[in-house]
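What follows is work24.cif (mmCIF, C-alpha atoms).
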data_upload
loop_
_atom_site.group_PDB
_atom_site.id
_atom_site.type_symbol
_atom_site.label_atom_id
_atom_site.label_comp_id
_atom_site.auth_asym_id
_atom_site.auth_seq_id
_atom_site.Cartn_x
_atom_site.Cartn_y
_atom_site.Cartn_z
ATOM 1 C CA MET T 1 -21.150 11.674 16.682
ATOM 2 C CA GLU T 2 -19.622 12.726 13.386
ATOM 3 C CA ARG T 3 -16.780 10.909 11.710
ATOM 4 C CA ILE T 4 -13.446 12.676 11.613
ATOM 5 C CA SER T 5 -11.595 12.435 8.339
ATOM 6 C CA PRO T 6 -7.780 12.318 8.315
ATOM 7 C CA LEU T 7 -7.709 15.618 6.431
ATOM 8 C CA ARG T 8 -9.914 17.311 9.022
ATOM 9 C CA ALA T 9 -7.837 15.922 11.893
ATOM 10 C CA SER T 10 -4.605 17.147 10.333
ATOM 11 C CA LEU T 11 -6.082 20.612 9.737
ATOM 12 C CA ASP T 12 -7.212 20.809 13.367
ATOM 13 C CA ALA T 13 -3.748 19.782 14.572
ATOM 14 C CA PHE T 14 -2.132 22.386 12.306
ATOM 15 C CA ASN T 15 -4.423 25.148 13.568
ATOM 16 C CA LYS T 16 -3.662 24.214 17.189
ATOM 17 C CA PHE T 17 0.064 24.321 16.446
ATOM 18 C CA LYS T 18 -0.280 27.681 14.684
ATOM 19 C CA ASN T 19 -2.185 29.226 17.602
ATOM 20 C CA LEU T 20 0.313 27.867 20.117
ATOM 21 C CA ARG T 21 3.170 29.314 18.080
ATOM 22 C CA LYS T 22 1.499 32.736 17.955
ATOM 23 C CA GLU T 23 1.064 32.692 21.734
ATOM 24 C CA THR T 24 4.734 31.889 22.323
ATOM 25 C CA LYS T 25 5.904 34.533 19.828
ATOM 26 C CA ILE T 26 3.933 37.267 21.547
ATOM 27 C CA GLY T 27 5.720 36.565 24.852
ATOM 28 C CA THR T 28 9.256 36.780 23.354
ATOM 29 C CA ASN T 29 11.189 39.848 22.317
ATOM 30 C CA ALA T 30 12.689 40.190 18.891
ATOM 31 C CA ASP T 31 15.989 41.190 20.497
ATOM 32 C CA LYS T 32 16.322 37.865 22.285
ATOM 33 C CA VAL T 33 16.024 35.937 19.034
ATOM 34 C CA ASN T 34 19.113 37.543 17.512
ATOM 35 C CA THR T 35 21.360 37.262 20.556
ATOM 36 C CA ASN T 36 23.635 34.462 21.589
ATOM 37 C CA PRO T 37 21.950 32.338 24.283
ATOM 38 C CA PHE T 38 25.274 31.935 26.107
ATOM 39 C CA GLY T 39 25.983 35.688 26.148
ATOM 40 C CA ILE T 40 29.566 35.211 24.966
ATOM 41 C CA THR T 41 31.226 38.196 23.380
ATOM 42 C CA PHE T 42 34.443 38.325 21.404
ATOM 43 C CA LYS T 43 36.162 41.712 21.346
ATOM 44 C CA GLY T 44 32.876 43.487 22.040
ATOM 45 C CA THR T 45 30.779 41.693 19.370
ATOM 46 C CA ILE T 46 28.236 39.068 20.289
ATOM 47 C CA LEU T 47 28.807 35.704 18.628
ATOM 48 C CA GLN T 48 25.905 34.860 16.332
ATOM 49 C CA MET T 49 26.414 31.102 16.336
ATOM 50 C CA ASP T 50 27.489 28.422 18.723
ATOM 51 C CA VAL T 51 31.172 27.637 18.581
ATOM 52 C CA PHE T 52 32.182 24.131 19.546
ATOM 53 C CA GLU T 53 35.609 22.721 19.936
ATOM 54 C CA SER T 54 36.278 19.473 18.156
ATOM 55 C CA ALA T 55 36.311 16.553 20.556
ATOM 56 C CA LYS T 56 38.348 14.484 18.118
ATOM 57 C CA LYS T 57 42.009 14.462 18.934
ATOM 58 C CA ILE T 58 44.268 15.192 16.028
ATOM 59 C CA ALA T 59 46.662 12.323 15.614
ATOM 60 C CA PRO T 60 50.297 13.084 15.030
ATOM 61 C CA LYS T 61 51.362 12.922 11.420
ATOM 62 C CA GLY T 62 52.300 9.395 10.489
ATOM 63 C CA ASN T 63 53.023 7.839 7.187
ATOM 64 C CA ILE T 64 50.981 9.835 4.669
ATOM 65 C CA ILE T 65 51.213 7.153 1.974
ATOM 66 C CA GLN T 66 49.722 4.507 4.261
ATOM 67 C CA ASP T 67 46.907 6.871 5.225
ATOM 68 C CA LYS T 68 46.152 7.555 1.550
ATOM 69 C CA ILE T 69 46.189 3.811 0.799
ATOM 70 C CA LYS T 70 43.749 3.210 3.663
ATOM 71 C CA ASP T 71 41.449 5.955 2.393
ATOM 72 C CA ILE T 72 41.591 4.609 -1.154
ATOM 73 C CA SER T 73 40.893 1.050 0.018
ATOM 74 C CA LYS T 74 37.901 2.272 2.057
ATOM 75 C CA LEU T 75 36.597 4.180 -0.949
ATOM 76 C CA THR T 76 37.097 1.158 -3.210
ATOM 77 C CA ALA T 77 35.325 -1.163 -0.762
ATOM 78 C CA SER T 78 32.432 1.273 -0.474
ATOM 79 C CA ALA T 79 32.142 1.575 -4.261
ATOM 80 C CA TRP T 80 32.288 -2.214 -4.653
ATOM 81 C CA THR T 81 29.548 -2.700 -2.052
ATOM 82 C CA ALA T 82 27.368 -0.080 -3.708
ATOM 83 C CA THR T 83 27.884 -1.744 -7.089
ATOM 84 C CA LEU T 84 26.938 -5.155 -5.698
ATOM 85 C CA ASN T 85 23.817 -3.677 -4.122
ATOM 86 C CA LYS T 86 22.817 -2.084 -7.429
ATOM 87 C CA VAL T 87 23.386 -5.375 -9.277
ATOM 88 C CA ASP T 88 21.295 -7.271 -6.715
ATOM 89 C CA ASN T 89 18.566 -4.666 -6.991
ATOM 90 C CA PHE T 90 18.646 -4.945 -10.791
ATOM 91 C CA LYS T 91 18.466 -8.751 -10.592
ATOM 92 C CA THR T 92 15.444 -8.680 -8.293
ATOM 93 C CA THR T 93 13.735 -6.140 -10.559
ATOM 94 C CA VAL T 94 14.327 -8.336 -13.610
ATOM 95 C CA LYS T 95 13.080 -11.412 -11.735
ATOM 96 C CA GLU T 96 9.887 -9.613 -10.699
ATOM 97 C CA PHE T 97 9.347 -8.380 -14.258
ATOM 98 C CA ALA T 98 9.824 -11.886 -15.665
ATOM 99 C CA HIS T 99 7.499 -13.322 -13.016
ATOM 100 C CA ASN T 100 4.811 -10.772 -13.924
ATOM 101 C CA ILE T 101 5.162 -11.637 -17.613
ATOM 102 C CA LYS T 102 4.909 -15.348 -16.816
ATOM 103 C CA GLU T 103 1.805 -14.823 -14.674
ATOM 104 C CA GLY T 104 0.209 -12.679 -17.378
ATOM 105 C CA ALA T 105 0.967 -15.245 -20.082
ATOM 106 C CA THR T 106 -0.399 -18.163 -18.043
ATOM 107 C CA SER T 107 -3.587 -16.269 -17.172
ATOM 108 C CA PHE T 108 -4.006 -15.339 -20.848
ATOM 109 C CA ILE T 109 -3.556 -18.973 -21.922
ATOM 110 C CA THR T 110 -6.067 -20.211 -19.347
ATOM 111 C CA ARG T 111 -8.597 -17.591 -20.468
ATOM 112 C CA VAL T 112 -8.133 -18.556 -24.107
ATOM 113 C CA SER T 113 -8.431 -22.274 -23.356
ATOM 114 C CA ASP T 114 -11.573 -21.658 -21.276
ATOM 115 C CA THR T 115 -13.047 -19.631 -24.127
ATOM 116 C CA LEU T 116 -12.206 -22.310 -26.699
ATOM 117 C CA ASN T 117 -13.731 -25.035 -24.538
ATOM 118 C CA GLN T 118 -17.108 -23.278 -24.566
ATOM 119 C CA ASP T 119 -19.625 -23.982 -27.281
ATOM 120 C CA VAL T 120 -19.844 -21.025 -29.589
ATOM 121 C CA ASN T 121 -23.340 -20.342 -30.916
ATOM 122 C CA PHE T 122 -23.364 -18.915 -34.422
ATOM 123 C CA GLU T 123 -27.175 -18.792 -34.753
ATOM 124 C CA TYR T 124 -27.032 -15.056 -34.239
ATOM 125 C CA PHE T 125 -25.473 -14.657 -37.659
ATOM 126 C CA THR T 126 -28.036 -16.960 -39.337
ATOM 127 C CA HIS T 127 -30.944 -15.019 -37.855
ATOM 128 C CA SER T 128 -29.740 -11.535 -38.681
ATOM 129 C CA VAL T 129 -32.322 -8.992 -39.817
ATOM 130 C CA SER T 130 -31.021 -8.860 -43.372
ATOM 131 C CA ARG T 131 -31.300 -12.653 -43.746
ATOM 132 C CA LEU T 132 -34.700 -12.824 -42.100
ATOM 133 C CA ARG T 133 -36.049 -10.206 -44.521
ATOM 134 C CA LYS T 134 -35.229 -12.514 -47.422
ATOM 135 C CA LYS T 135 -37.198 -15.480 -46.002
ATOM 136 C CA PRO T 136 -40.820 -16.102 -46.877
ATOM 137 C CA ILE T 137 -43.436 -15.074 -44.308
ATOM 138 C CA GLY T 138 -44.574 -18.688 -43.809
ATOM 139 C CA GLU T 139 -41.125 -19.768 -42.634
ATOM 140 C CA LEU T 140 -40.899 -16.759 -40.337
ATOM 141 C CA GLU T 141 -44.295 -17.621 -38.845
ATOM 142 C CA ASP T 142 -43.204 -21.214 -38.185
ATOM 143 C CA MET T 143 -39.965 -20.033 -36.570
ATOM 144 C CA PHE T 144 -41.907 -17.578 -34.405
ATOM 145 C CA ARG T 145 -44.367 -20.273 -33.234
ATOM 146 C CA THR T 146 -41.565 -22.705 -32.320
ATOM 147 C CA GLU T 147 -39.835 -19.993 -30.328
ATOM 148 C CA LEU T 148 -43.075 -19.196 -28.501
ATOM 149 C CA LYS T 149 -43.512 -22.891 -27.637
ATOM 150 C CA VAL T 150 -39.983 -23.010 -26.237
ATOM 151 C CA ILE T 151 -40.626 -19.965 -24.109
ATOM 152 C CA GLY T 152 -43.956 -21.390 -22.907
ATOM 153 C CA ALA T 153 -46.236 -18.649 -24.082
#
Output the file's structure in the form of structure tokens.
Amino acid sequence: MERISPLRASLDAFNKFKNLRKETKIGTNADKVNTNPFGITFKGTILQMDVFESAKKIAPKGNIIQDKIKDISKLTASAWTATLNKVDNFKTTVKEFAHNIKEGATSFITRVSDTLNQDVNFEYFTHSVSRLRKKPIGELEDMFRTELKVIGA
């Protein structure tokens, strides 16, 4: 049984949808698409969109100044809430940034302290090729024999 990748599964689903859509389009007429499903005509022309009547009752005109004050207070409250949300979002972003800096600094300090606590071997610099070329062959032979004894050869 082969594994199905998400990309393959989505392509198969798309192809199924495309074939199903073709089958349904073949069975419909182009004339039916452009007509009003309710068959309502207005002065001999067919309406091309659905017309709905507003279910909201229009209130009688009251005090216009009070209505404007209510609208302005709602707008002000909405703006204030949005501002507070942006400030809170900014504060959390700054806190996360500071926390990441703190974590990075502490990990850097622990790495440096661990590195400083290790013994650093500087023998590599004393046994460089240019320095070894300047030594007499007898000293080099003695160094080579001691190294071979350490290795066990």
Using the file's own x, y and z axes, what box holds all listed atoms of segment 62-67 of chain T with 4 Å on each side, keeping edges along x, y and z, and what are its centre and edge lengths in Å to one decimal, as lines of an AutoDock Vina configuration file?
center_x = 50.0
center_y = 7.2
center_z = 6.2
size_x = 14.1
size_y = 13.3
size_z = 16.5
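Atom CA of Leu7 of chain T to atom CA of Arg21 of chain T spans 21.0 Å [interatomic distance, one decimal].
Taking atom CA of Trp80 of chain T and atom CA of Glu96 of chain T as the two end points, the separation is 24.4 Å.
With atom CA of Thr126 of chain T on one side and atom CA of Asp114 of chain T on the other, the separation reads 24.9 Å.
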